[in-house]
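This is protein-v4.tsv. It holds TSV, C-alpha atoms.
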```tsv
chain	number	residue	atom	x	y	z
M	290	MET	CA	36.12	19.56	-14.37
M	291	ASN	CA	36.52	18.16	-17.87
M	292	ALA	CA	33.72	17.23	-20.27
M	293	THR	CA	33.88	13.51	-19.41
M	294	GLU	CA	33.37	14.24	-15.71
M	295	PHE	CA	30.56	16.66	-16.52
M	296	TRP	CA	28.61	14.02	-18.41
M	297	MET	CA	29.21	11.50	-15.62
M	298	LEU	CA	27.76	13.94	-13.12
M	299	ARG	CA	24.70	14.15	-15.35
M	300	CYS	CA	24.43	10.34	-15.16
M	301	ILE	CA	24.46	10.51	-11.35
M	302	GLU	CA	21.89	13.30	-11.40
M	303	LEU	CA	19.58	11.20	-13.57
M	304	ALA	CA	20.19	8.06	-11.51
M	305	ARG	CA	19.06	9.86	-8.35
M	306	LEU	CA	15.56	10.10	-9.85
M	307	GLY	CA	15.21	6.36	-9.26
M	308	ALA	CA	15.77	6.63	-5.49
M	309	GLY	CA	13.18	4.61	-3.59
M	310	GLN	CA	11.96	2.85	-6.73
M	311	VAL	CA	14.70	0.53	-8.01
M	312	ALA	CA	16.00	-1.40	-4.98
M	313	PRO	CA	17.42	-4.01	-4.73
M	314	ASN	CA	18.93	-2.81	-8.02
M	315	PRO	CA	21.40	0.11	-7.96
M	316	MET	CA	20.50	3.61	-9.12
M	317	VAL	CA	21.83	4.11	-12.65
M	318	GLY	CA	21.69	6.95	-15.16
M	319	ALA	CA	22.92	6.98	-18.76
M	320	VAL	CA	23.63	9.72	-21.29
M	321	LEU	CA	24.36	9.50	-25.03
M	322	VAL	CA	26.52	12.40	-26.24
M	323	HIS	CA	27.23	13.33	-29.87
M	324	ASN	CA	29.51	16.26	-30.73
M	325	ASN	CA	29.27	17.47	-27.11
M	326	GLN	CA	25.46	17.48	-27.21
M	327	ILE	CA	23.08	15.13	-25.42
M	328	ILE	CA	21.03	13.18	-27.94
M	329	GLY	CA	19.50	10.75	-25.45
M	330	GLU	CA	19.36	10.12	-21.72
M	331	GLY	CA	17.54	7.89	-19.26
M	332	TRP	CA	17.63	6.28	-15.86
M	333	HIS	CA	16.50	3.07	-14.22
M	334	GLN	CA	13.03	4.10	-13.10
M	335	LYS	CA	11.59	1.05	-11.35
M	336	PHE	CA	12.74	-2.40	-10.30
M	337	GLY	CA	11.93	-4.96	-12.99
M	338	HIS	CA	11.60	-2.27	-15.66
M	339	ALA	CA	14.06	-1.14	-18.35
M	340	HIS	CA	17.58	-0.20	-17.28
M	341	ALA	CA	19.12	3.23	-17.79
M	342	GLU	CA	20.99	2.31	-20.96
M	343	VAL	CA	17.80	1.02	-22.58
M	344	ASN	CA	15.87	4.17	-21.72
M	345	ALA	CA	18.70	6.40	-22.95
M	346	ILE	CA	18.98	4.61	-26.31
M	347	ASN	CA	15.21	4.50	-26.75
M	348	SER	CA	14.97	8.27	-26.13
M	349	VAL	CA	17.16	9.16	-29.14
M	350	LEU	CA	15.18	10.81	-31.93
M	351	LYS	CA	17.91	10.87	-34.59
M	352	ARG	CA	18.70	7.16	-34.59
M	353	LYS	CA	21.49	7.42	-37.17
M	354	LEU	CA	23.61	9.35	-34.63
M	355	ILE	CA	23.72	6.50	-32.11
M	356	PRO	CA	26.76	4.69	-33.59
M	357	GLU	CA	28.69	7.99	-33.57
M	358	ALA	CA	27.79	8.84	-29.96
M	359	THR	CA	29.54	8.10	-26.68
M	360	LEU	CA	27.51	6.40	-23.97
M	361	TYR	CA	28.12	7.50	-20.37
M	362	VAL	CA	26.82	5.41	-17.47
M	363	ASN	CA	27.66	5.58	-13.76
M	364	LEU	CA	27.75	1.77	-13.28
M	365	GLU	CA	29.03	-1.04	-15.47
M	366	PRO	CA	26.34	-2.25	-17.92
M	367	CYS	CA	24.90	-5.62	-16.99
M	368	ALA	CA	25.96	-8.74	-18.88
M	369	HIS	CA	23.34	-11.20	-17.63
M	370	THR	CA	19.65	-11.81	-18.07
M	371	GLY	CA	17.64	-10.92	-14.98
M	372	LYS	CA	14.29	-9.15	-15.03
M	373	THR	CA	15.46	-7.61	-18.31
M	374	PRO	CA	17.92	-8.63	-21.08
M	375	PRO	CA	21.63	-7.69	-20.85
M	376	CYS	CA	22.38	-4.04	-21.55
M	377	THR	CA	25.72	-4.99	-23.10
M	378	HIS	CA	23.91	-6.79	-25.93
M	379	LEU	CA	21.83	-3.71	-26.66
M	380	ILE	CA	24.90	-1.45	-26.70
M	381	ILE	CA	26.75	-3.79	-29.03
M	382	SER	CA	23.74	-4.15	-31.36
M	383	HIS	CA	23.62	-0.35	-31.83
M	384	ASN	CA	27.29	-0.20	-32.84
M	385	ILE	CA	28.16	2.36	-30.18
M	386	LYS	CA	31.91	2.94	-30.47
M	387	LYS	CA	32.76	4.20	-26.96
M	388	VAL	CA	31.34	3.68	-23.47
M	389	VAL	CA	32.46	5.66	-20.40
M	390	VAL	CA	31.76	3.89	-17.09
M	391	GLY	CA	31.86	5.36	-13.60
M	392	MET	CA	32.69	2.12	-11.79
M	393	LEU	CA	32.60	-1.66	-11.98
M	394	ASP	CA	29.51	-3.46	-10.71
M	395	PRO	CA	30.44	-5.61	-7.65
M	396	ASN	CA	27.49	-7.95	-8.23
M	397	PRO	CA	29.11	-11.33	-9.05
M	398	LEU	CA	26.69	-11.69	-11.97
M	399	VAL	CA	28.37	-8.68	-13.60
M	400	ALA	CA	31.73	-7.91	-11.88
M	401	GLY	CA	33.75	-6.98	-14.98
M	402	ASN	CA	31.90	-9.25	-17.40
M	403	GLY	CA	30.05	-6.30	-18.92
M	404	ILE	CA	33.29	-4.45	-19.62
M	405	ALA	CA	34.88	-7.60	-21.06
M	406	LEU	CA	31.96	-8.17	-23.45
M	407	LEU	CA	32.04	-4.58	-24.69
M	408	ARG	CA	35.79	-4.67	-25.30
M	409	ALA	CA	35.54	-8.08	-27.00
M	410	ALA	CA	33.07	-6.47	-29.41
M	411	GLY	CA	35.62	-3.79	-30.27
M	412	ILE	CA	34.05	-1.03	-28.18
M	413	GLU	CA	36.41	1.41	-26.47
M	414	VAL	CA	35.71	1.49	-22.73
M	415	GLU	CA	36.91	4.21	-20.36
M	416	LEU	CA	36.56	3.14	-16.74
M	417	ASN	CA	36.50	4.72	-13.26
M	418	VAL	CA	35.41	8.24	-14.18
M	419	LEU	CA	34.38	10.00	-10.94
M	420	ASN	CA	34.80	6.62	-9.29
M	421	GLU	CA	34.53	7.89	-5.71
M	422	GLN	CA	31.31	9.79	-6.39
M	423	CYS	CA	29.84	6.75	-8.10
M	424	LEU	CA	30.85	4.52	-5.18
M	425	ASP	CA	29.34	6.85	-2.61
M	426	PHE	CA	26.17	7.35	-4.60
M	427	ASN	CA	25.32	3.62	-4.55
M	428	LYS	CA	27.08	2.91	-1.23
M	429	ARG	CA	24.33	0.60	0.08
M	430	PHE	CA	24.40	-1.60	-3.01
M	431	ILE	CA	28.21	-1.53	-3.16
M	432	HIS	CA	28.61	-2.37	0.54
M	433	PHE	CA	26.11	-5.23	0.29
M	434	TYR	CA	28.04	-6.95	-2.49
M	435	THR	CA	31.58	-6.18	-1.33
M	436	HIS	CA	31.04	-7.03	2.37
M	437	ASN	CA	28.11	-9.47	2.06
M	438	LYS	CA	26.03	-7.66	4.69
M	439	PRO	CA	23.57	-4.78	4.87
M	440	TYR	CA	24.63	-1.15	5.24
M	441	VAL	CA	23.72	-0.01	8.77
M	442	ILE	CA	22.51	3.54	9.44
M	443	LEU	CA	21.79	4.77	12.96
M	444	LYS	CA	19.20	7.52	13.37
M	445	TRP	CA	17.86	9.45	16.31
M	446	ALA	CA	16.76	12.91	17.46
M	447	GLN	CA	17.97	14.44	20.68
M	448	THR	CA	17.12	17.48	22.77
M	449	ARG	CA	19.35	20.38	23.67
M	450	ASN	CA	19.84	18.84	27.12
M	451	GLY	CA	20.93	15.50	25.62
M	452	PHE	CA	17.87	13.26	25.82
M	453	ILE	CA	16.70	10.91	23.08
M	454	SER	CA	13.18	10.66	24.53
M	455	PRO	CA	11.24	11.36	27.70
M	456	ASP	CA	11.27	8.61	30.33
M	457	ALA	CA	7.79	7.10	30.45
M	458	ASN	CA	8.53	5.61	33.86
M	459	LYS	CA	9.13	9.04	35.42
M	460	MET	CA	6.10	10.99	34.22
M	461	SER	CA	2.41	10.74	33.51
M	462	ALA	CA	1.11	9.45	30.19
M	463	GLU	CA	-0.12	12.95	29.36
M	464	LYS	CA	3.27	14.52	30.07
M	465	PHE	CA	5.04	11.80	28.05
M	466	GLU	CA	2.79	12.43	25.06
M	467	GLU	CA	3.42	16.16	25.34
M	468	GLU	CA	7.21	15.81	25.36
M	469	ARG	CA	7.91	12.81	23.12
M	470	HIS	CA	7.88	14.73	19.82
M	471	ILE	CA	11.39	16.20	19.69
M	472	THR	CA	11.28	17.34	16.04
M	473	GLY	CA	8.55	18.78	13.82
M	474	MET	CA	6.59	17.84	10.71
M	475	LEU	CA	9.32	18.85	8.25
M	476	VAL	CA	11.79	16.39	9.75
M	477	GLN	CA	9.08	13.72	9.98
M	478	LYS	CA	8.29	14.06	6.28
M	479	LEU	CA	11.99	13.91	5.39
M	480	VAL	CA	12.42	10.76	7.49
M	481	HIS	CA	9.44	9.15	5.76
M	482	LYS	CA	10.95	10.04	2.38
M	483	TRP	CA	14.19	8.38	3.45
M	484	ARG	CA	12.27	5.28	4.51
M	485	THR	CA	11.20	4.74	0.90
M	486	GLN	CA	14.91	4.59	-0.01
M	487	GLU	CA	15.94	2.01	2.60
M	488	ASP	CA	15.23	-1.71	2.75
M	489	ALA	CA	14.45	-2.01	6.47
M	490	ILE	CA	13.79	0.00	9.64
M	491	MET	CA	14.66	-1.45	13.05
M	492	VAL	CA	13.56	-0.76	16.63
M	493	ALA	CA	13.93	-2.64	19.91
M	494	THR	CA	11.36	-3.92	22.39
M	495	ASN	CA	11.01	-0.88	24.64
M	496	THR	CA	10.56	1.50	21.71
M	497	ALA	CA	7.87	-0.77	20.30
M	498	LEU	CA	6.09	-0.92	23.66
M	499	THR	CA	6.37	2.76	24.51
M	500	ASP	CA	5.80	4.41	21.11
M	501	ASN	CA	3.81	1.72	19.26
M	502	PRO	CA	5.39	2.90	15.96
M	503	ALA	CA	4.01	1.90	12.56
M	504	LEU	CA	7.45	2.31	10.88
M	505	ASN	CA	5.85	3.06	7.55
M	506	ASN	CA	6.18	5.94	5.09
M	507	ARG	CA	2.68	7.38	5.48
M	508	ALA	CA	3.96	10.99	5.11
M	509	PHE	CA	5.63	10.30	1.75
M	510	GLU	CA	4.54	8.23	-1.22
M	511	GLY	CA	6.81	5.37	-2.22
M	512	ARG	CA	8.03	1.90	-1.35
M	513	ALA	CA	7.43	0.82	2.25
M	514	PRO	CA	10.49	-0.62	4.03
M	515	ALA	CA	10.55	-3.94	5.83
M	516	ARG	CA	10.27	-3.63	9.60
M	517	ILE	CA	12.62	-5.30	12.07
M	518	VAL	CA	11.79	-5.47	15.76
M	519	LEU	CA	14.16	-6.84	18.39
M	520	ASP	CA	11.99	-8.85	20.81
M	521	GLN	CA	14.29	-11.41	22.38
M	522	HIS	CA	11.73	-12.93	24.77
M	523	LEU	CA	8.62	-12.30	22.60
M	524	ARG	CA	7.12	-9.82	25.07
M	525	LEU	CA	5.36	-7.73	22.42
M	526	HIS	CA	1.62	-8.11	21.93
M	527	GLY	CA	0.24	-8.91	18.49
M	528	SER	CA	-2.06	-5.86	18.60
M	529	LEU	CA	0.86	-3.47	18.08
M	530	LYS	CA	1.03	-1.64	14.74
M	531	LEU	CA	4.26	-3.46	13.90
M	532	PHE	CA	2.34	-6.72	13.53
M	533	ASP	CA	-0.55	-5.45	11.38
M	534	GLN	CA	0.64	-7.47	8.33
M	535	SER	CA	0.75	-4.32	6.19
M	536	GLN	CA	4.53	-4.65	5.59
M	537	LYS	CA	7.14	-7.35	5.67
M	538	THR	CA	8.16	-7.60	9.34
M	539	PHE	CA	11.00	-9.54	10.96
M	540	ILE	CA	10.71	-10.36	14.67
M	541	VAL	CA	14.18	-11.06	16.05
M	542	ASN	CA	13.94	-13.40	19.03
M	543	ALA	CA	15.52	-16.28	20.95
M	544	ILE	CA	12.52	-18.62	20.97
M	545	LYS	CA	11.10	-19.57	17.60
M	546	GLU	CA	11.36	-19.57	13.83
M	547	GLU	CA	8.02	-19.13	12.14
M	548	VAL	CA	6.33	-17.40	9.23
M	549	ASP	CA	2.90	-15.86	9.81
M	550	GLY	CA	1.87	-14.02	6.67
M	551	ASN	CA	4.09	-10.95	6.41
M	552	ASN	CA	5.54	-11.56	9.88
M	553	THR	CA	8.70	-13.66	9.97
M	554	PHE	CA	10.19	-14.76	13.30
M	555	LEU	CA	13.99	-15.03	13.16
M	556	LYS	CA	15.56	-17.08	15.97
M	557	LEU	CA	19.06	-16.03	17.06
M	558	ASN	CA	21.57	-17.17	19.67
M	559	PHE	CA	21.81	-14.19	22.03
M	560	LYS	CA	24.76	-15.71	23.90
M	561	GLU	CA	26.86	-14.88	20.86
M	562	ASP	CA	27.05	-11.83	18.57
M	563	TRP	CA	23.36	-11.67	17.73
M	564	PHE	CA	23.53	-8.58	15.48
M	565	LYS	CA	26.10	-10.15	13.16
M	566	GLN	CA	23.86	-13.23	13.01
M	567	LEU	CA	20.99	-10.95	12.07
M	568	LEU	CA	22.98	-9.29	9.28
M	569	ASP	CA	23.86	-12.71	7.86
M	570	LEU	CA	20.20	-13.74	7.86
M	571	LEU	CA	19.05	-10.50	6.25
M	572	VAL	CA	21.44	-11.05	3.34
M	573	LYS	CA	19.33	-14.08	2.44
M	574	TYR	CA	16.30	-11.77	2.21
M	575	ASN	CA	18.26	-9.30	0.04
M	576	ILE	CA	18.06	-6.55	2.67
M	577	GLN	CA	20.81	-4.16	1.58
M	578	SER	CA	20.30	-1.39	4.14
M	579	ILE	CA	18.94	-1.02	7.67
M	580	VAL	CA	18.05	2.16	9.53
M	581	VAL	CA	18.17	1.59	13.30
M	582	GLU	CA	15.83	4.06	14.99
M	583	GLY	CA	16.04	2.97	18.62
M	584	GLY	CA	16.00	2.65	21.45
M	585	ALA	CA	19.04	3.98	23.22
M	586	THR	CA	20.23	0.57	24.45
M	587	LEU	CA	20.25	-0.87	20.93
M	588	LEU	CA	21.93	2.21	19.45
M	589	ASN	CA	24.59	2.20	22.16
M	590	HIS	CA	25.23	-1.52	21.59
M	591	LEU	CA	25.89	-0.97	17.90
M	592	ILE	CA	28.12	2.03	18.57
M	593	LEU	CA	30.09	0.20	21.28
M	594	HIS	CA	30.68	-2.82	19.04
M	595	ASN	CA	31.37	-0.71	15.93
M	596	LEU	CA	28.50	-2.25	13.99
M	597	TRP	CA	27.41	0.81	12.03
M	598	ASN	CA	28.31	2.58	8.80
M	599	GLU	CA	26.54	5.94	9.12
M	600	ALA	CA	24.62	7.88	11.74
M	601	ILE	CA	22.10	10.67	11.25
M	602	VAL	CA	21.36	12.79	14.31
M	603	PHE	CA	18.75	15.55	14.59
M	604	TYR	CA	19.71	18.12	17.24
M	605	SER	CA	16.62	19.90	18.53
M	606	PRO	CA	16.54	23.17	20.52
M	607	LYS	CA	13.83	21.61	22.69
M	608	ASN	CA	14.44	20.53	26.30
M	609	ILE	CA	12.54	17.83	28.19
M	610	SER	CA	12.32	17.34	31.95
M	611	ASN	CA	13.16	13.66	32.53
M	612	GLY	CA	14.59	11.64	29.71
M	613	ILE	CA	16.69	8.80	28.38
M	614	LYS	CA	20.21	9.88	27.55
M	615	ALA	CA	21.11	10.06	23.85
M	616	PRO	CA	24.03	7.99	22.54
M	617	ILE	CA	27.42	9.60	22.05
M	618	ILE	CA	28.65	9.26	18.49
M	619	PHE	CA	32.11	9.76	17.02
M	620	GLY	CA	32.74	9.74	13.30
M	621	LYS	CA	33.53	11.92	10.33
M	622	ILE	CA	30.91	14.61	9.71
M	623	ILE	CA	29.95	14.32	6.05
M	624	GLN	CA	26.90	16.59	5.92
M	625	GLN	CA	25.12	19.21	8.03
M	626	ASP	CA	21.84	20.98	7.33
M	627	ASN	CA	19.39	23.18	9.21
M	628	LEU	CA	15.79	22.01	8.92
M	629	ASP	CA	13.28	24.36	10.50
M	630	ASN	CA	15.63	25.12	13.42
M	631	ILE	CA	16.63	21.44	13.73
M	632	GLN	CA	20.27	20.72	12.97
M	633	MET	CA	20.81	17.49	11.04
M	634	THR	CA	24.31	16.04	11.20
M	635	GLN	CA	25.36	12.99	9.23
M	636	TYR	CA	28.36	10.97	10.43
M	637	ARG	CA	30.38	8.27	8.69
M	638	ASN	CA	32.08	5.53	10.68
M	639	LEU	CA	35.84	5.70	10.33
```

Take the structure in the file and give it back as structure tokens.
Amino acid sequence: MNATEFWMLRCIELARLGAGQVAPNPMVGAVLVHNNQIIGEGWHQKFGHAHAEVNAINSVLKRKLIPEATLYVNLEPCAHTGKTPPCTHLIISHNIKKVVVGMLDPNPLVAGNGIALLRAAGIEVELNVLNEQCLDFNKRFIHFYTHNKPYVILKWAQTRNGFISPDANKMSAEKFEEERHITGMLVQKLVHKWRTQEDAIMVATNTALTDNPALNNRAFEGRAPARIVLDQHLRLHGSLKLFDQSQKTFIVNAIKEEVDGNNTFLKLNFKEDWFKQLLDLLVKYNIQSIVVEGGATLLNHLILHNLWNEAIVFYSPKNISNGIKAPIIFGKIIQQDNLDNIQMTQYRNL
């Protein structure tokens, strides 16, 4: 690894600190280096607040060194006015002579314009340093703007004997409650942390009826995701936790379009490819990522029709007596971890 790549890795490390706080913006870190020493660094900390480049420049104590420093940033500096002014203008105004960029920003409002402005001002720009790492790091944001649809992540836990959950129709309520928790508190807290980093969490009708999930992030502080529930025939009762108005909630159905506070009813044509219709609608709400948590029928539908990007599966050593079979997933294993005797495997769709 050369020095340029080392400083870019530092940008990614800093950017990661903004996870769960900056969406729908990408995670960005920036480092100012002078004579192989960091003189300033920063990251985008919260949506609507200062960008990474601003925080890095503002952190420099010896201001006279800024024009002699090289700025590293994992994503192309913005060239438009949004919640904050363009970062390119700030870079140019400080007479920075060189900028090293991990990758171009696919957002049409930027999309090479930032690089063009810097070069037009006489600034040397080095592009695509650790490009693959930078792409993967902001894969939800990148996918959203390059494919014009949300990034879809499937998630479930399954028992040693291959069940995703006990079958409520084949056991007493007491037995169901005893067996339905396949993983422990450590995994639950991790899942709630992940929820703060995703735009939406989705379940289908039977999961909503059987589990009455809140789909919030109560075990981890941060941004609450939007909730999506598939309820084609509007069978779900308004007393369920999903409809408590505490979070933005989309009810996907075939009957009506309506807005009731935080609950938005999205009407789809279920005789055609309803999930692709849903993805198109969610783009309008700037939903860049969806985690689909169940049930088995919905997960199997998305696997069968190749409508997923990643899958995260928790393999538990626990067995249950009567259950609903877990989906079968094929994909490239990109990560495996052991969490309190639960094996987590992350797959990428090929």

Rounded to one decimal place, report the atom CA of Leu570 of chain M-atom CA of Pro315 of chain M distance in Å.
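Separating atom CA of Leu570 of chain M from atom CA of Pro315 of chain M is a distance of 21.1 Å.
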
Atom CA of Asn506 of chain M to atom CA of Val480 of chain M measures 8.2 Å

(message) Report, in Å with one decimal, the straight-line distance from atom CA of Ser454 of chain M to atom CA of Leu596 of chain M.
(response)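 Between atom CA of Ser454 of chain M and atom CA of Leu596 of chain M the gap is 22.6 Å.
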
Excluding Lys537 of chain M and any residue of its chain fewer than 6 positions from it, enumerate the residues within 12 Å of it, using all atoms listed in the file, and give them as a short mmCIF file (atom, residue, chain, number, x, y, z; two decimals) with C-alpha atoms, in the frame of the given file.
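Resulting contents of part37.cif:
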```
data_model
loop_
_atom_site.label_atom_id
_atom_site.label_comp_id
_atom_site.auth_asym_id
_atom_site.auth_seq_id
_atom_site.Cartn_x
_atom_site.Cartn_y
_atom_site.Cartn_z
CA ASP M 488 15.23 -1.71 2.75
CA ALA M 489 14.45 -2.01 6.47
CA ILE M 490 13.79 0.00 9.64
CA ALA M 503 4.01 1.90 12.56
CA LEU M 504 7.45 2.31 10.88
CA ASN M 505 5.85 3.06 7.55
CA ARG M 512 8.03 1.90 -1.35
CA ALA M 513 7.43 0.82 2.25
CA PRO M 514 10.49 -0.62 4.03
CA ALA M 515 10.55 -3.94 5.83
CA ARG M 516 10.27 -3.63 9.60
CA ILE M 517 12.62 -5.30 12.07
CA VAL M 518 11.79 -5.47 15.76
CA LEU M 531 4.26 -3.46 13.90
CA VAL M 548 6.33 -17.40 9.23
CA ASP M 549 2.90 -15.86 9.81
CA GLY M 550 1.87 -14.02 6.67
CA ASN M 551 4.09 -10.95 6.41
CA ASN M 552 5.54 -11.56 9.88
CA THR M 553 8.70 -13.66 9.97
CA PHE M 554 10.19 -14.76 13.30
CA TYR M 574 16.30 -11.77 2.21
CA ILE M 576 18.06 -6.55 2.67
#
```

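Proximity of M:Ile592, M:Val418, M:Cys367, M:Ile328 to Met290 of chain M, computed with only C-alpha atoms, is greatest for M:Val418.
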
Problem - Residue among M:Lys607, M:Arg408, M:Lys386, M:His333 lying closest to Gly473 of chain M, counting only C-alpha atoms - result: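 Closest to Gly473 of chain M of all the choices is M:Lys607.
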
For Val311 of chain M, find every residue with an atom within 10 Å (counting all atoms listed in the file), except residues of its own chain fewer than 2 positions away, and show them as a list in words. Ala304, Leu306, Gly307, Ala308, Gly309, Pro313, Asn314, Pro315, Met316, Val317, His333, Gln334, Lys335, Phe336, Gly337, His338, His340, Gln486 and Arg512 of chain M

Item checked: For Gln521 of chain M, the nearest of the candidates M:Phe619, M:Phe509, M:Trp563, M:Phe452, counting only C-alpha atoms ->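 Distance minimum relative to Gln521 of chain M lands on M:Trp563.
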
Requested in this report: Can you pull out every residue within 8 Å of Arg469 of chain M, counting all atoms listed in the file, but drop anything in the same chain fewer than 2 positions away, and send it as number ranges by chain?
Outcome: M: 454-455, 465-467, 471

How big is the axis-aligned box around all listed atoms of segment 308-311 of chain M once 6 Å goes on each side, and where's its centre, in Å to one decimal, as lines of an AutoDock Vina configuration file?
```
center_x = 13.9
center_y = 3.6
center_z = -5.8
size_x = 15.8
size_y = 18.1
size_z = 16.4
```

- Message: Quick one: residues within 12 Å of Asp569 of chain M, all atoms listed in the file, excluding same-chain residues fewer than 3 positions away - as a count of residues only?
- Response: 19

For Ala409 of chain M, the closest of M:Ile381, M:Ala462, M:Val320, M:Ile622 counting all atoms listed in the file is M:Ile381

In terms of only C-alpha atoms, the residue from M:Asn363, M:Ser605, M:Asn558, M:Gln536 at minimal distance from Ile453 of chain M is M:Ser605

Which residues are near Val580 of chain M? Cut-off 7 Å, all atoms listed in the file, ignore same chain within fewer than 5 positions. Put them as a PDB file with C-alpha atoms, keeping the file's coordinate frame.
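Saved as part_4.pdb:
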```pdb
ATOM      1  CA  VAL M 441      23.720  -0.010   8.770  1.00  0.00           C
ATOM      2  CA  ILE M 442      22.510   3.540   9.440  1.00  0.00           C
ATOM      3  CA  LEU M 443      21.790   4.770  12.960  1.00  0.00           C
ATOM      4  CA  LYS M 444      19.200   7.520  13.370  1.00  0.00           C
ATOM      5  CA  ALA M 489      14.450  -2.010   6.470  1.00  0.00           C
ATOM      6  CA  ILE M 490      13.790   0.000   9.640  1.00  0.00           C
ATOM      7  CA  MET M 491      14.660  -1.450  13.050  1.00  0.00           C
TER       8      MET M 491
END
```

Among M:Ala292, M:Ile579, M:Ile613, M:Leu525, Asn324 of chain M is approached most closely, using all atoms listed in the file, by M:Ala292

Atom completion result for segment 513-518 of chain M (all heavy atoms) as a CSV table (one decimal), in the coordinates of the input:
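Output file selection.csv is given in full below:
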```
chain,number,residue,atom,x,y,z
M,513,ALA,N,7.4,1.0,0.8
M,513,ALA,CA,7.4,0.8,2.2
M,513,ALA,C,8.6,-0.1,2.6
M,513,ALA,O,8.8,-1.1,2.0
M,513,ALA,CB,6.1,0.2,2.8
M,514,PRO,N,9.4,0.2,3.6
M,514,PRO,CA,10.5,-0.6,4.0
M,514,PRO,C,10.0,-1.8,4.8
M,514,PRO,O,8.9,-1.9,5.3
M,514,PRO,CB,11.3,0.3,5.0
M,514,PRO,CG,10.3,1.2,5.6
M,514,PRO,CD,9.2,1.4,4.5
M,515,ALA,N,10.8,-2.8,4.9
M,515,ALA,CA,10.6,-3.9,5.8
M,515,ALA,C,10.8,-3.4,7.2
M,515,ALA,O,11.5,-2.5,7.5
M,515,ALA,CB,11.5,-5.1,5.5
M,516,ARG,N,10.1,-4.0,8.2
M,516,ARG,CA,10.3,-3.6,9.6
M,516,ARG,C,11.0,-4.7,10.4
M,516,ARG,O,10.7,-5.9,10.1
M,516,ARG,CB,8.9,-3.4,10.2
M,516,ARG,CG,8.1,-2.3,9.5
M,516,ARG,CD,6.7,-2.1,10.1
M,516,ARG,NE,5.8,-3.2,10.0
M,516,ARG,CZ,4.5,-3.1,10.0
M,516,ARG,NH1,3.9,-1.9,10.2
M,516,ARG,NH2,3.7,-4.1,9.8
M,517,ILE,N,11.9,-4.3,11.2
M,517,ILE,CA,12.6,-5.3,12.1
M,517,ILE,C,12.4,-4.9,13.5
M,517,ILE,O,12.7,-3.7,13.9
M,517,ILE,CB,14.1,-5.3,11.8
M,517,ILE,CG1,14.4,-5.6,10.3
M,517,ILE,CG2,14.8,-6.4,12.6
M,517,ILE,CD1,15.8,-5.5,9.8
M,518,VAL,N,12.0,-5.8,14.3
M,518,VAL,CA,11.8,-5.5,15.8
M,518,VAL,C,12.6,-6.5,16.6
M,518,VAL,O,12.5,-7.7,16.4
M,518,VAL,CB,10.3,-5.4,16.2
M,518,VAL,CG1,9.6,-6.7,15.9
M,518,VAL,CG2,10.2,-5.1,17.7
```
